[in-house]
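Text of the file upload-v5.cif, holding mmCIF, C-alpha atoms and all ligand atoms:
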data_upload
loop_
_atom_site.group_PDB
_atom_site.id
_atom_site.type_symbol
_atom_site.label_atom_id
_atom_site.label_comp_id
_atom_site.auth_asym_id
_atom_site.auth_seq_id
_atom_site.Cartn_x
_atom_site.Cartn_y
_atom_site.Cartn_z
ATOM 1 C CA MET A 1 12.853 -18.261 23.994
ATOM 2 C CA LYS A 2 13.213 -14.657 22.782
ATOM 3 C CA THR A 3 12.132 -13.379 19.370
ATOM 4 C CA VAL A 4 14.210 -11.555 16.770
ATOM 5 C CA LEU A 5 12.348 -9.131 14.515
ATOM 6 C CA ILE A 6 13.715 -8.867 10.985
ATOM 7 C CA LEU A 7 12.219 -5.779 9.418
ATOM 8 C CA ASN A 8 12.558 -5.040 5.704
ATOM 9 C CA GLY A 9 11.625 -1.744 4.114
ATOM 10 C CA PRO A 10 10.539 -0.526 0.693
ATOM 11 C CA ASN A 11 11.118 -2.552 -2.461
ATOM 12 C CA LEU A 12 12.832 -5.438 -0.679
ATOM 13 C CA ASN A 13 9.869 -7.573 -1.779
ATOM 14 C CA LEU A 14 11.481 -7.296 -5.246
ATOM 15 C CA LEU A 15 14.656 -9.105 -4.159
ATOM 16 C CA GLY A 16 15.753 -11.743 -6.645
ATOM 17 C CA THR A 17 13.706 -10.282 -9.484
ATOM 18 C CA ARG A 18 16.009 -7.427 -10.598
ATOM 19 C CA GLU A 19 19.517 -6.036 -10.087
ATOM 20 C CA PRO A 20 21.123 -9.405 -9.250
ATOM 21 C CA ALA A 21 24.599 -7.863 -9.632
ATOM 22 C CA VAL A 22 23.838 -5.651 -6.613
ATOM 23 C CA TYR A 23 21.437 -7.736 -4.507
ATOM 24 C CA GLY A 24 22.020 -11.333 -5.672
ATOM 25 C CA HIS A 25 19.551 -13.917 -6.940
ATOM 26 C CA GLN A 26 17.859 -14.858 -3.695
ATOM 27 C CA THR A 27 14.268 -13.811 -3.058
ATOM 28 C CA LEU A 28 12.856 -12.393 0.167
ATOM 29 C CA ALA A 29 11.326 -15.832 0.835
ATOM 30 C CA ASP A 30 14.859 -17.291 0.569
ATOM 31 C CA VAL A 31 16.073 -14.655 3.052
ATOM 32 C CA GLU A 32 13.259 -15.609 5.432
ATOM 33 C CA ALA A 33 14.312 -19.283 5.222
ATOM 34 C CA LEU A 34 17.933 -18.279 5.923
ATOM 35 C CA CYS A 35 16.819 -16.241 8.945
ATOM 36 C CA LEU A 36 14.674 -19.105 10.227
ATOM 37 C CA SER A 37 17.659 -21.452 10.284
ATOM 38 C CA ALA A 38 19.937 -18.808 11.868
ATOM 39 C CA CYS A 39 17.295 -18.179 14.559
ATOM 40 C CA ALA A 40 16.947 -21.912 15.208
ATOM 41 C CA ALA A 41 20.738 -22.182 15.637
ATOM 42 C CA HIS A 42 20.665 -19.413 18.247
ATOM 43 C CA ASN A 43 17.473 -20.477 20.031
ATOM 44 C CA PHE A 44 15.460 -17.513 18.828
ATOM 45 C CA LYS A 45 11.945 -17.294 17.446
ATOM 46 C CA LEU A 46 11.688 -15.388 14.163
ATOM 47 C CA ASP A 47 9.310 -12.563 13.307
ATOM 48 C CA PHE A 48 10.021 -11.649 9.659
ATOM 49 C CA ARG A 49 8.276 -8.686 8.036
ATOM 50 C CA GLN A 50 8.462 -6.421 4.984
ATOM 51 C CA SER A 51 6.576 -3.209 4.294
ATOM 52 C CA ASN A 52 6.698 -0.513 1.662
ATOM 53 C CA HIS A 53 5.113 1.955 4.103
ATOM 54 C CA GLU A 54 7.084 4.155 6.495
ATOM 55 C CA GLY A 55 4.319 4.257 9.142
ATOM 56 C CA VAL A 56 4.013 0.461 9.197
ATOM 57 C CA LEU A 57 7.770 0.202 9.829
ATOM 58 C CA ILE A 58 7.503 2.806 12.600
ATOM 59 C CA ASP A 59 4.619 0.930 14.269
ATOM 60 C CA ALA A 60 6.672 -2.298 14.124
ATOM 61 C CA ILE A 61 9.658 -0.535 15.778
ATOM 62 C CA HIS A 62 7.410 0.803 18.578
ATOM 63 C CA GLU A 63 5.958 -2.688 19.074
ATOM 64 C CA ALA A 64 9.488 -4.119 19.202
ATOM 65 C CA GLY A 65 10.509 -1.618 21.884
ATOM 66 C CA ARG A 66 7.558 -2.695 24.046
ATOM 67 C CA ALA A 67 8.384 -6.393 23.479
ATOM 68 C CA GLN A 68 12.021 -5.836 24.427
ATOM 69 C CA THR A 69 10.952 -4.047 27.617
ATOM 70 C CA ALA A 70 8.640 -6.992 28.389
ATOM 71 C CA GLY A 71 11.602 -9.355 27.931
ATOM 72 C CA THR A 72 10.222 -11.249 24.928
ATOM 73 C CA LEU A 73 12.398 -9.699 22.175
ATOM 74 C CA ALA A 74 16.198 -9.887 21.754
ATOM 75 C CA GLY A 75 16.348 -7.105 19.180
ATOM 76 C CA VAL A 76 15.686 -5.976 15.634
ATOM 77 C CA VAL A 77 17.581 -6.336 12.370
ATOM 78 C CA LEU A 78 16.415 -3.485 10.127
ATOM 79 C CA ASN A 79 17.031 -3.143 6.425
ATOM 80 C CA ALA A 80 15.158 0.115 5.943
ATOM 81 C CA GLY A 81 15.940 0.224 2.207
ATOM 82 C CA ALA A 82 15.962 3.755 0.810
ATOM 83 C CA TYR A 83 14.274 5.090 3.986
ATOM 84 C CA THR A 84 17.751 4.690 5.525
ATOM 85 C CA HIS A 85 18.825 7.784 3.616
ATOM 86 C CA THR A 86 15.674 9.875 4.100
ATOM 87 C CA SER A 87 13.668 9.024 7.199
ATOM 88 C CA ILE A 88 14.049 11.171 10.289
ATOM 89 C CA ALA A 89 10.763 9.582 11.437
ATOM 90 C CA ILE A 90 12.306 6.083 11.510
ATOM 91 C CA MET A 91 15.365 7.460 13.316
ATOM 92 C CA ASP A 92 13.069 9.042 15.944
ATOM 93 C CA ALA A 93 11.110 5.796 16.313
ATOM 94 C CA ILE A 94 14.286 3.781 16.993
ATOM 95 C CA LYS A 95 15.546 6.341 19.503
ATOM 96 C CA GLY A 96 12.135 6.718 21.162
ATOM 97 C CA SER A 97 11.496 2.976 21.451
ATOM 98 C CA GLY A 98 14.912 2.266 22.972
ATOM 99 C CA VAL A 99 15.067 -1.003 21.063
ATOM 100 C CA THR A 100 18.381 -2.775 20.330
ATOM 101 C CA LEU A 101 18.664 -2.552 16.562
ATOM 102 C CA ILE A 102 21.203 -3.603 13.964
ATOM 103 C CA GLU A 103 21.138 -1.612 10.722
ATOM 104 C CA LEU A 104 21.695 -3.956 7.813
ATOM 105 C CA HIS A 105 22.312 -3.497 4.095
ATOM 106 C CA ILE A 106 22.774 -6.251 1.563
ATOM 107 C CA SER A 107 25.048 -4.128 -0.591
ATOM 108 C CA ASN A 108 28.034 -2.063 0.498
ATOM 109 C CA VAL A 109 26.270 1.287 0.431
ATOM 110 C CA HIS A 110 29.621 3.102 0.834
ATOM 111 C CA ALA A 111 30.847 1.698 -2.482
ATOM 112 C CA ARG A 112 27.734 3.026 -4.264
ATOM 113 C CA GLU A 113 26.220 6.425 -5.086
ATOM 114 C CA ALA A 114 27.019 9.299 -2.668
ATOM 115 C CA PHE A 115 23.340 9.629 -1.655
ATOM 116 C CA ARG A 116 23.565 6.126 -0.096
ATOM 117 C CA HIS A 117 26.526 7.108 2.106
ATOM 118 C CA HIS A 118 24.455 8.962 4.674
ATOM 119 C CA SER A 119 22.201 7.061 7.056
ATOM 120 C CA TYR A 120 19.724 8.576 9.505
ATOM 121 C CA ILE A 121 19.640 5.190 11.244
ATOM 122 C CA SER A 122 23.346 4.641 11.986
ATOM 123 C CA PRO A 123 23.535 7.145 14.902
ATOM 124 C CA VAL A 124 20.708 5.358 16.748
ATOM 125 C CA ALA A 125 21.648 1.761 15.822
ATOM 126 C CA LYS A 126 23.622 -0.559 18.075
ATOM 127 C CA ALA A 127 25.695 -1.650 15.060
ATOM 128 C CA VAL A 128 25.785 -1.349 11.276
ATOM 129 C CA MET A 129 26.403 -4.096 8.721
ATOM 130 C CA ALA A 130 26.709 -3.658 4.961
ATOM 131 C CA GLY A 131 28.032 -5.557 1.993
ATOM 132 C CA PHE A 132 27.760 -9.171 3.138
ATOM 133 C CA GLY A 133 24.951 -9.955 0.694
ATOM 134 C CA VAL A 134 21.894 -11.684 2.103
ATOM 135 C CA LYS A 135 24.166 -13.753 4.391
ATOM 136 C CA GLY A 136 24.438 -10.543 6.414
ATOM 137 C CA TYR A 137 20.992 -11.328 7.859
ATOM 138 C CA ALA A 138 22.312 -14.558 9.420
ATOM 139 C CA LEU A 139 25.435 -12.754 10.662
ATOM 140 C CA ALA A 140 23.259 -10.061 12.256
ATOM 141 C CA ILE A 141 21.155 -12.689 14.053
ATOM 142 C CA GLY A 142 24.409 -14.186 15.412
ATOM 143 C CA ALA A 143 25.483 -10.719 16.531
ATOM 144 C CA LEU A 144 22.174 -10.215 18.369
ATOM 145 C CA ALA A 145 22.771 -13.544 20.133
ATOM 146 C CA ASP A 146 26.197 -12.269 21.264
ATOM 147 C CA ILE A 147 24.815 -8.910 22.377
ATOM 148 C CA SER A 148 21.879 -10.385 24.284
ATOM 149 C CA GLN A 149 24.185 -12.769 26.191
ATOM 150 C CA ALA A 150 26.572 -9.967 27.193
HETATM 151 O O1 LIG B 201 21.777 -2.751 0.213
HETATM 152 C C1 LIG B 201 20.675 -2.670 0.791
HETATM 153 O O2 LIG B 201 20.216 -3.608 1.459
HETATM 154 C C2 LIG B 201 19.819 -1.416 0.643
HETATM 155 O O3 LIG B 201 19.203 -1.146 1.912
HETATM 156 C C3 LIG B 201 18.760 -1.740 -0.400
HETATM 157 C C4 LIG B 201 17.893 -0.554 -0.784
HETATM 158 C C5 LIG B 201 18.746 0.671 -1.127
HETATM 159 O O4 LIG B 201 17.910 1.787 -1.354
HETATM 160 C C6 LIG B 201 19.732 0.993 -0.025
HETATM 161 O O5 LIG B 201 20.528 2.100 -0.427
HETATM 162 C C7 LIG B 201 20.638 -0.193 0.242
HETATM 163 C C8 LIG B 201 17.028 -0.900 -2.007
HETATM 164 C C9 LIG B 201 16.129 -2.067 -1.799
HETATM 165 C C10 LIG B 201 15.454 -2.405 -3.106
HETATM 166 O O6 LIG B 201 15.822 -3.708 -3.452
HETATM 167 C C11 LIG B 201 15.594 -4.140 -4.729
HETATM 168 C C12 LIG B 201 15.943 -5.436 -4.986
HETATM 169 C C13 LIG B 201 15.750 -5.944 -6.226
HETATM 170 C C14 LIG B 201 15.223 -5.169 -7.246
HETATM 171 C C15 LIG B 201 14.871 -3.870 -6.977
HETATM 172 C C16 LIG B 201 15.046 -3.351 -5.710
#
Would you mind giving the structure from this file in structure tokens?
Amino acid sequence: MKTVLILNGPNLNLLGTREPAVYGHQTLADVEALCLSACAAHNFKLDFRQSNHEGVLIDAIHEAGRAQTAGTLAGVVLNAGAYTHTSIAIMDAIKGSGVTLIELHISNVHAREAFRHHSYISPVAKAVMAGFGVKGYALAIGALADISQA
């Protein structure tokens, strides 16, 4: 059984506590529970993480690349938070690791401020999902199941 890594970046630990009009009422623990059931439905193990630190996210991406090469990981779903719009280092880590990665955003970043329209991650991601709310995480896990069977 392969693992899916769900990686959440800065401030996503605050989900459900503020800005419900943008991010909904569900907490990160609720998102983890949602991902657990989506992984079970697709015969995946779940590795669910959140960090506010760029280097920790980069280390996790490197680790994921090694796990995918070893055949134990199906891919990564990354919500890099605001690092999406700023981090060349995360872009380099994704490219360098060779990992299959879906870029995910809870909100539709293209319907928001202009500074959220550019992503350093999109050019190195397998696919990009935005605006499905937290249900997007389950959809992304389903997409990884499709991709890894192809
Ligand atoms: O829509 C998304 O998932 C984002 O990746 C969320 C990031 C934002 O910077 C991106 O542009 C889009 C922000 C995550 C912070 O989430 C909070 C949730 C509740 C309260 C405060 C922050």
(message) For ligand LIG 201 (chain B), return the neighbouring residues as a ChimeraX atom specification (distance at most 6 Å; all atoms listed in the file).
(response) /A:11-12,14-19,23,79-82,105-107,109,116
(message) I'd like the neighbourhood of Leu139 (chain A) as a list in words, where a residue qualifies if any of its atoms comes within 12 Å (using all atoms listed in the file), though same-chain residues fewer than 3 positions away should be ignored.
(response)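 The filter keeps Leu34, Cys35, Ser37, Ala38, Cys39, Ala41, His42, Val77, Ile102, Glu103, Leu104, His105, Ile106, Ala127, Val128, Met129, Ala130, Gly131, Phe132, Gly133, Val134, Lys135, Gly136, Gly142, Ala143, Leu144, Ala145 and Asp146 of chain A.
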(request) Quick one: everything within 12 Å of region 46-56 of chain A, counting only C-alpha atoms, minus sequence neighbours fewer than 5 positions away in the same chain. Send it as JSON, numbers by chain. (result) {"A": [1, 2, 3, 4, 5, 6, 7, 8, 9, 10, 11, 12, 13, 14, 15, 28, 29, 30, 31, 32, 33, 34, 35, 36, 37, 38, 39, 40, 41, 61, 62, 63, 64, 67, 72, 73, 74, 75, 76, 77, 78, 79, 80, 81, 82, 83, 84, 86, 87, 88, 89, 90, 91, 93, 137, 138, 141]}
(request) May I ask for the distance between CA of Gly96 (chain A) and CA of Ala70 (chain A), given in Å to one decimal place? (result) 15.9 Å
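Note that CA of Ser122 (chain A) and CA of Thr27 (chain A) are 25.5 Å apart.
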(request) Tell me which of A:His85, A:Ala60, A:Ile94, A:Thr100 sits closest to Phe115 (chain A), counting only C-alpha atoms. (result)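 Closest residue, counting only C-alpha atoms: A:His85.
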(request) Find the distance between CA of Val99 (chain A) and CA of Gly65 (chain A) and write it in Å to one decimal. (result)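 Atom-to-atom, CA of Val99 (chain A) to CA of Gly65 (chain A), that is 4.7 Å.
For the residues A:Asn43, A:Gln26, A:Ile58, A:Ile147, ranking by smallest atom-to-atom distance to Asp92 (chain A) using only C-alpha atoms places A:Ile58 first.
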With all atoms of region 126-142 of chain A from the file as input, state the centre and edge lengths in Å to one decimal of the axis-aligned box that has 8 Å extra on each side, as JSON.
{"center_x": 24.5, "center_y": -7.6, "center_z": 9.4, "size_x": 23.0, "size_y": 30.0, "size_z": 33.4}
Please write region 71-85 of chain A of the preceding block to a file containing N, CA and C atoms, as a CSV table (one decimal), in the first residue's frame?
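What follows is the written file result31.csv:
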chain,number,residue,atom,x,y,z
A,71,GLY,N,9.5,3.5,-4.3
A,71,GLY,CA,8.2,2.9,-4.6
A,71,GLY,C,7.2,2.8,-3.4
A,72,THR,N,7.4,3.6,-2.4
A,72,THR,CA,6.5,3.6,-1.2
A,72,THR,C,5.6,4.8,-1.2
A,73,LEU,N,5.7,5.7,-2.1
A,73,LEU,CA,4.9,7.0,-2.1
A,73,LEU,C,4.2,7.2,-3.4
A,74,ALA,N,2.9,7.5,-3.4
A,74,ALA,CA,2.2,7.7,-4.7
A,74,ALA,C,2.4,9.2,-5.1
A,75,GLY,N,2.6,10.1,-4.2
A,75,GLY,CA,2.7,11.5,-4.5
A,75,GLY,C,2.4,12.4,-3.4
A,76,VAL,N,2.5,13.7,-3.6
A,76,VAL,CA,2.3,14.7,-2.6
A,76,VAL,C,1.2,15.7,-3.0
A,77,VAL,N,0.4,16.0,-2.0
A,77,VAL,CA,-0.6,17.2,-2.2
A,77,VAL,C,0.0,18.3,-1.4
A,78,LEU,N,0.3,19.4,-2.0
A,78,LEU,CA,1.0,20.5,-1.3
A,78,LEU,C,0.1,21.7,-1.3
A,79,ASN,N,-0.3,22.2,-0.1
A,79,ASN,CA,-0.8,23.5,0.0
A,79,ASN,C,0.3,24.3,0.7
A,80,ALA,N,1.0,25.1,-0.1
A,80,ALA,CA,2.2,25.8,0.4
A,80,ALA,C,1.8,27.1,1.1
A,81,GLY,N,0.5,27.4,1.1
A,81,GLY,CA,0.1,28.7,1.7
A,81,GLY,C,0.8,29.8,1.0
A,82,ALA,N,1.1,30.9,1.7
A,82,ALA,CA,1.7,32.1,1.1
A,82,ALA,C,3.1,31.8,0.4
A,83,TYR,N,3.8,30.7,0.8
A,83,TYR,CA,5.0,30.4,0.2
A,83,TYR,C,4.8,30.1,-1.3
A,84,THR,N,3.6,29.7,-1.7
A,84,THR,CA,3.3,29.5,-3.1
A,84,THR,C,3.7,30.7,-4.0
A,85,HIS,N,3.5,31.9,-3.4
A,85,HIS,CA,3.7,33.1,-4.2
A,85,HIS,C,5.1,33.7,-4.0
